[in-house]
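Presented below is the structure to which this report refers.
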Amino acid sequence: MLAEVRRTAKRVVGVPDEEVPVVSPREWAGKLSHDPVQRAIAYLTSLFPIFGWISRYNLGWASGDLIAGLTVGIVLVPQSMSYAQIATLPPEYGLYSSFVGVLVYCFFATSKDVSIGPVAVMSLTVAQIIKHVNDVSPDTWEGPQIATTVAFICGFIVLGIGLLHLGWLVEFIPAPAVSGFMTGSALSILTGQLPGLMGISGFDTRAATYRVFISTLQGLPRTKLDAAFGITGLVSLYGIRWLCGRLSKRYPSRARMFFFISVFRNAFVIIVLTIASWLYTRHRRSADGKYPIKILQDVPRGFKHLGQPTLDVELIKTLAPDLPVATIILFLEHIAISKSFGRVNGYKIDPNQELIAIGVTNTIGTLFGAYPATGSFSRSALQSKSGVRSPASGLFSAVVVIVALYGLTPAFFWIPTAALSAVIVHAVADLVASPQQVYSFWRVSPIEFVIWFASVLVTVFATIEDGIYTSIAASLALLLVRVAQPRGHFLGRVTVHNTTESSSRDVYIPLKPNKHLMNPDVKVYPPSPGVVVYRFEESFLYPNSSLVNDAIVDYVKEHTKRGMDMTGVRAGDRPWNDPGKNSEAENDHAKPIMHAVVLDFSAVSHIDTTGVQALIDTRTEVERWADRPVEFHFATILSPWIRRALVAGGFGVGNSTVHMHEEIAPVTRYHDQYIADPQHTELVDDPHARVDDPEMAKGSTHVAAVSARSSSEGTVQTIPTQSALMMLPDTPFFHLDLTAAVRAAEKGLSRVPSSVGMNKD
């Protein structure tokens with residue numbers, strides 16, 4: 001009874017009587033469920049990479065981490081307060097973010113070089129979010145609460161992406177797009193800091209970049225004494241870096257000493273300008289409490305905002321439109337930086353684990369009142385050059401920040417804000433893409449250069465949010481176009497001779513070679529008459545599957561003659577879409593009869609239902625044109641799932657007299673026989689069908705024949721009486737390589753005359 005039910009069910013769903021063995025979903029599921037306990041343990045231990053190296057920690061590592069950690073910490077303190085200024089937050093919030101970033105990251109990091117903390121682009125984004133929230137709901141929430149909420153929500157989202165191992169999503173944003181919005185953001189930050197550098201006020205420095213720049217030029221007559229501190233600091237920063245670079249080249253033996261002198265230039269300039277500010281302003285306080293120049297003034301000592309973050313549902317609703325761009329910046333910049341340093345310094349980072357590290361850092365940071373923090377390129381480069389040995393260097397940087405929070409806050413009172421603007425301009429200017437980098441985008445891919453340029457323009461003339469969305473949308477659109485409009489070539493044969501080994505081999509290249517790829521004078525021989533060889537350079541998916549159908553069918557109709565003589569057919573008996581030609585017989589006389597199509601699948605990694613349907617449609621149209629069965633051979637199938645899909649479409653089995661229904665996945669329940677016109681309804685044996693190749697008959701003879709014939713497909717013979725099949729015998733039209741596929745297709749040409757004779761009878 002059960003067997004009968006099973007047979008009935010198979011008939012209902014259309015399971016063929018003789019099934020070809022293919023890969024099954026059960027095998028795929030078995031691989032996923034293999035040893036789940038061990039997989040769970042490995043997953044949990046991977047969340048804490050510190051356990052992989054802490055047991056090997058030694059004094060040699062500690063010395064390198066100490067130097068690198070202290071060096072980064074000295075730079076981090078003034079930079080963090082400067083970036084808090086970009087975010088329109090009090091300076092202590094930059095210190096909070098710095099402390100949590102360098103402390104927490106070392107426990108979850110897979111990169112020894114990356115330094116986490118406030119960065120310019122993220123700070124600018126926070127400033128724009130605060131401005132947006134205040135515009136929507138004025139005086140409802142203060143800036144620190146808004147920034148902390150952004151850090152918590154974005155950190156939680158990034159943490160979820162990492163835990164779910166969705167880090168591959170980052171790969172959809174290419175390097176030119178990242179560079180484009182980074183350059184545009186850097187220009188926005190530089191322009192926004194010019195008024196603070198010059199002491200100019202009276203306009204919105206968070207407006208579009210071009211508006212801020214124009215307003216700054218218009219406000220030059222209002223330049224104040226702050227410019228003396230800002231310009232002096234900026235010139236000093238560049239002067240020290242230039243001088244140390246020149247001295248390092250002139251005295252290579254002292255290059256490391258000059259390197260550290262250059263590293264400490266931020267701290268040196270801030271200290272000198274702070275002393276100058278104290279000497280000048282301490283006795284010049286006005287009656288209303290103002291000073292001649294703008295200074296930081298009170299910076300609270302220690303962690304004054306430690307505790308549970310205040311999460312307001314209404315605030316989250318107001319923030320919702322800005323959260324996607326903040327989240328993208330949070331993980332995109334960090335992953336790009338960590339990959340760069342891993343590539344340069346010889347190790348590989350785990351993008352999912354890095355996302356977890358960023359997520360944990362920002363969620364925990366909200367307990368300290370921190371705003372969003374991510375990887376900093378300038379501090380990471382500094383940490384790498386300082387000789388860091390492990391992620392533990394962040395602990396030493398955290399000590400420096402703690403010392404600054406509890407011991408140096410009285411001195412922070414006199415720091416000129418113009419000096420902080422100088423530090424920002426000096427640091428952010430390095431984020432602008434160099435001319436060599438931009439030119440390399442143009443050399444590699446002019447289209448991606450256009451994306452880079454568009455991203456910069458939109459960021460400068462609109463907002464950083466629009467710039468990011470523009471770069472991502474343009475990159476995804478380019479990806480879709482490349483998938484939907486891939487290249488394909490009809491191939492011919494060239495015999496390559498090896499003069500040193502006196503050997504030769506056949507290779508298949510486009511019939512019309514590109515002069516930028518190979519010698520255009522090389523003679524390319526087309527395959528035997530009636531054989532078409534086509535290579536598709538992309539996965540065979542629904543956006544591009546119709547291209548192959550159009551290309552092959554059009555090529556066949558142009559280069560082969562129709563199987564049925566239509567010269568004497570009246571116009572009323574012709575199909576409506578076949579106008580016919582008076583000279584059809586003369587034009588087709590020299591053309592061959594279509595026999596076989598060889599498809600090179602060496603670049604096809606996936607195929608879907610629509611792709612299989614397109615191949616079925618191609619086979620149907622080609623056979624209708626040839627008025628006979630046409631062989632379809634496939635070379636270099638890369639995946640068992642591609643083989644499964646092709647077999648489901650009736651390909652590969654070597655029996656062209658019987659096809660499956662012509663619509664493998666109809667959009668309605670009605671198949672071909674229900675919608676076909678009378679000319680295409682009857683399913684009868686084709687009188688022109690070729691006699692099946694005896695070599696493909698079932699049974700032991702089939703195996704022996706394939707074993708002998710498969711020598712061109714890579715049959716491995718250890719001794720004369722033994723052989724091993726490279727390809728499965730159930731699918732003889734699936735071949736190991738293109739050469740074997742073409743040979744098999746051309747081998748069947750010897751049977752064409754007999755079938756022609758049958759046609760004439």
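Chains: A, B, ... in order of the structure tokens. Residues: from 1 per chain. Ligands: from 1, in order shown.
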### Query
Neighbours of segment 381-387 of chain A within 7 Å (only C-alpha atoms; same-chain residues fewer than 3 positions away dropped), as number ranges by chain?
A: 64, 67-68, 72, 113, 377-378
Preceding selection exported with C-alpha atoms as a PDB file, in the first residue's frame:
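File written: out_1.pdb
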```
ATOM      1  CA  GLY A  64      56.137  46.416  22.302  1.00  0.00           C
ATOM      2  CA  ILE A  67      55.401  51.549  23.798  1.00  0.00           C
ATOM      3  CA  ALA A  68      52.593  51.370  21.235  1.00  0.00           C
ATOM      4  CA  VAL A  72      48.554  55.921  20.932  1.00  0.00           C
ATOM      5  CA  ASP A 113      46.853  47.035  14.992  1.00  0.00           C
ATOM      6  CA  PHE A 377      42.949  54.802  10.535  1.00  0.00           C
ATOM      7  CA  SER A 378      45.450  57.387  11.797  1.00  0.00           C
TER       8      SER A 378
END
```
### Task
May I have the residues within 10 Å of segment 215-228 of chain A as a PyMOL selection string, using only C-alpha atoms and disregarding those fewer than 3 positions away in the same chain?
chain A and resi 191-205+209-212+231-233+277+292-295+416-419+422
### Task
Per DSSP on the backbone, filter segment 423-586 of chain A down to the residues in strand (DSSP E or B) and report them as a PyMOL selection string.
chain A and resi 488-498+503-510+525+531-536+540+561
For those residues, write N, CA and C atoms to a file as a JSON list (two decimals), in the first residue's frame.
```
[["chain", "number", "residue", "atom", "x", "y", "z"],
["A", 488, "GLY", "N", 29.70, 37.03, -23.08],
["A", 488, "GLY", "CA", 29.65, 35.67, -23.60],
["A", 488, "GLY", "C", 30.32, 35.64, -24.96],
["A", 489, "HIS", "N", 30.97, 34.54, -25.29],
["A", 489, "HIS", "CA", 31.71, 34.48, -26.55],
["A", 489, "HIS", "C", 31.47, 33.13, -27.23],
["A", 490, "PHE", "N", 31.36, 33.19, -28.55],
["A", 490, "PHE", "CA", 31.40, 31.98, -29.35],
["A", 490, "PHE", "C", 32.87, 31.68, -29.64],
["A", 491, "LEU", "N", 33.25, 30.42, -29.42],
["A", 491, "LEU", "CA", 34.66, 30.06, -29.39],
["A", 491, "LEU", "C", 35.08, 29.27, -30.63],
["A", 492, "GLY", "N", 36.35, 29.41, -30.92],
["A", 492, "GLY", "CA", 36.99, 28.61, -31.95],
["A", 492, "GLY", "C", 38.27, 28.01, -31.41],
["A", 493, "ARG", "N", 38.91, 27.20, -32.23],
["A", 493, "ARG", "CA", 40.07, 26.43, -31.79],
["A", 493, "ARG", "C", 41.36, 27.03, -32.32],
["A", 494, "VAL", "N", 42.35, 27.05, -31.44],
["A", 494, "VAL", "CA", 43.71, 27.43, -31.82],
["A", 494, "VAL", "C", 44.64, 26.35, -31.27],
["A", 495, "THR", "N", 45.54, 25.89, -32.08],
["A", 495, "THR", "CA", 46.51, 24.90, -31.65],
["A", 495, "THR", "C", 47.78, 25.60, -31.19],
["A", 496, "VAL", "N", 48.13, 25.41, -29.94],
["A", 496, "VAL", "CA", 49.30, 26.05, -29.34],
["A", 496, "VAL", "C", 50.44, 25.04, -29.33],
["A", 497, "HIS", "N", 51.56, 25.42, -29.90],
["A", 497, "HIS", "CA", 52.73, 24.54, -29.99],
["A", 497, "HIS", "C", 53.78, 24.98, -28.97],
["A", 498, "ASN", "N", 54.29, 24.01, -28.24],
["A", 498, "ASN", "CA", 55.38, 24.25, -27.30],
["A", 498, "ASN", "C", 56.68, 23.85, -27.98],
["A", 503, "SER", "N", 55.57, 19.70, -28.23],
["A", 503, "SER", "CA", 54.21, 19.23, -27.98],
["A", 503, "SER", "C", 53.23, 20.32, -28.39],
["A", 504, "SER", "N", 51.97, 19.96, -28.46],
["A", 504, "SER", "CA", 50.94, 20.92, -28.85],
["A", 504, "SER", "C", 49.64, 20.57, -28.12],
["A", 505, "ARG", "N", 48.77, 21.53, -28.05],
["A", 505, "ARG", "CA", 47.46, 21.32, -27.43],
["A", 505, "ARG", "C", 46.47, 22.30, -28.04],
["A", 506, "ASP", "N", 45.21, 21.95, -27.97],
["A", 506, "ASP", "CA", 44.15, 22.80, -28.49],
["A", 506, "ASP", "C", 43.58, 23.66, -27.37],
["A", 507, "VAL", "N", 43.43, 24.94, -27.66],
["A", 507, "VAL", "CA", 42.77, 25.86, -26.72],
["A", 507, "VAL", "C", 41.63, 26.55, -27.47],
["A", 508, "TYR", "N", 40.64, 26.98, -26.73],
["A", 508, "TYR", "CA", 39.47, 27.61, -27.33],
["A", 508, "TYR", "C", 39.39, 29.06, -26.88],
["A", 509, "ILE", "N", 39.37, 29.94, -27.86],
["A", 509, "ILE", "CA", 39.32, 31.38, -27.62],
["A", 509, "ILE", "C", 38.20, 31.97, -28.46],
["A", 510, "PRO", "N", 37.79, 33.21, -28.21],
["A", 510, "PRO", "CA", 36.72, 33.81, -29.01],
["A", 510, "PRO", "C", 37.06, 33.82, -30.50],
["A", 525, "TYR", "N", 40.27, 28.88, -35.76],
["A", 525, "TYR", "CA", 39.48, 27.97, -36.58],
["A", 525, "TYR", "C", 38.16, 27.66, -35.88],
["A", 531, "VAL", "N", 28.47, 22.60, -35.31],
["A", 531, "VAL", "CA", 28.79, 22.60, -33.88],
["A", 531, "VAL", "C", 29.03, 24.04, -33.44],
["A", 532, "VAL", "N", 28.39, 24.45, -32.37],
["A", 532, "VAL", "CA", 28.53, 25.79, -31.81],
["A", 532, "VAL", "C", 29.10, 25.66, -30.41],
["A", 533, "VAL", "N", 30.16, 26.41, -30.13],
["A", 533, "VAL", "CA", 30.81, 26.40, -28.81],
["A", 533, "VAL", "C", 30.64, 27.79, -28.21],
["A", 534, "TYR", "N", 30.07, 27.83, -27.00],
["A", 534, "TYR", "CA", 29.76, 29.12, -26.37],
["A", 534, "TYR", "C", 30.22, 29.10, -24.92],
["A", 535, "ARG", "N", 30.86, 30.19, -24.52],
["A", 535, "ARG", "CA", 31.31, 30.35, -23.14],
["A", 535, "ARG", "C", 30.59, 31.53, -22.50],
["A", 536, "PHE", "N", 30.00, 31.28, -21.34],
["A", 536, "PHE", "CA", 29.29, 32.31, -20.59],
["A", 536, "PHE", "C", 30.12, 32.67, -19.37],
["A", 540, "PHE", "N", 24.62, 31.47, -14.12],
["A", 540, "PHE", "CA", 23.47, 31.41, -15.02],
["A", 540, "PHE", "C", 22.21, 31.61, -14.19],
["A", 561, "LYS", "N", 21.61, 26.28, -41.58],
["A", 561, "LYS", "CA", 20.41, 26.34, -42.41],
["A", 561, "LYS", "C", 19.24, 25.65, -41.72]]
```
### Message
Would you pick out the contacts of Thr183 of chain A at 8 Å or less, using only C-alpha atoms, so that residues sharing its chain but fewer than 2 positions from it are not included, and give the list as a list of chain:residue names?
### Response
A:Ser179, A:Gly180, A:Phe181, A:Ser185, A:Ala186, A:Leu187, A:Leu431, A:Val432, A:Ala433, A:Val456
### Query
Which one is closest to Ile468 of chain A: A:Ala404, A:Leu2, A:Ala42, A:Ile451? Count only C-alpha atoms.
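Closest to Ile468 of chain A, using only C-alpha atoms: A:Ile451.
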### Query
From the list A:Leu332, A:Val104, A:Ile349, A:Ala626, which residue is nearest Asp565 of chain A when using only C-alpha atoms?
A:Ala626
### Task
Considering only C-alpha atoms, state which residue in the set A:Ile270, A:Tyr57, A:Ser253, A:Phe634 is at the smallest distance from Phe229 of chain A.
A:Ile270
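You will find atom CA of Val556 of chain A at 25.6 Å from atom CA of Ser605 of chain A.
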#### Entry: Residue contacts of Leu319 of chain A (8 Å, only C-alpha atoms) excluding same-chain residues fewer than 2 positions away, as a ChimeraX atom specification
/A:129,133,150,315-317,321-323
Expected file contents, prior selection, N, CA, C and O atoms, as a compact mmCIF listing (two decimals), in the first residue's frame:
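Output file selection_21.txt is given in full below:
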```
# COMPACT_ATOMS: atom_id res chain seq x y z
N ILE A 129 23.06 63.97 13.19
CA ILE A 129 21.90 63.34 13.82
C ILE A 129 21.35 64.23 14.94
O ILE A 129 20.13 64.40 15.08
N VAL A 133 17.58 65.75 15.07
CA VAL A 133 16.65 65.54 16.19
C VAL A 133 16.21 66.87 16.78
O VAL A 133 15.02 67.07 17.09
N VAL A 150 22.28 56.64 20.08
CA VAL A 150 22.78 56.18 18.78
C VAL A 150 23.83 55.09 18.97
O VAL A 150 23.82 54.06 18.27
N LEU A 315 12.54 59.08 21.38
CA LEU A 315 13.82 59.48 20.79
C LEU A 315 14.26 58.45 19.75
O LEU A 315 14.75 58.81 18.67
N ILE A 316 14.09 57.16 20.06
CA ILE A 316 14.48 56.11 19.11
C ILE A 316 13.66 56.23 17.83
O ILE A 316 14.18 56.06 16.72
N LYS A 317 12.36 56.53 17.96
CA LYS A 317 11.53 56.71 16.78
C LYS A 317 12.01 57.89 15.94
O LYS A 317 12.02 57.84 14.71
N PRO A 321 15.25 57.23 11.10
CA PRO A 321 15.74 57.47 9.73
C PRO A 321 17.25 57.60 9.62
O PRO A 321 17.81 57.37 8.54
N ASP A 322 17.92 57.97 10.72
CA ASP A 322 19.37 58.19 10.68
C ASP A 322 20.16 56.97 11.11
O ASP A 322 21.39 56.97 10.96
N LEU A 323 19.50 55.97 11.64
CA LEU A 323 20.23 54.81 12.15
C LEU A 323 20.92 53.99 11.06
O LEU A 323 22.03 53.50 11.28
```
### Task
Calculate how many Å separate atom CA of Lys131 of chain A from atom CA of Val423 of chain A, rounding to one decimal.
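Atom CA of Val423 of chain A lies 23.6 Å from atom CA of Lys131 of chain A.
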### Query
Between A:Thr618, A:Thr500, A:Asn514, A:Ser397, which is the closest to Lys557 of chain A once you count only C-alpha atoms?
A:Thr618
### Message
Let's see if you can do this: from backbone DSSP, list all alpha helix (DSSP H) residues in segment 261-502 of chain A, as an NGL selection string.
### Response
:A and (261-263 or 265-281 or 313-319 or 323-345 or 351-365 or 377-385 or 393-407 or 409-412 or 417-428 or 435-444 or 446-461 or 464-484)
### Query
segment 79-86 of chain A: which residues within 10 Å, counting only C-alpha atoms, same-chain residues fewer than 2 positions away excluded, as JSON, numbers by chain?
{"A": [73, 74, 75, 76, 77, 88, 89, 90, 91, 92, 93, 94, 95, 96, 97, 98, 99, 117, 118, 119, 120, 121, 122, 123, 124, 125, 126, 127, 128, 189, 192, 193, 205, 206, 266, 267, 296, 371, 379, 401, 412, 417, 418, 419, 420, 421, 422, 423, 424, 425, 427]}
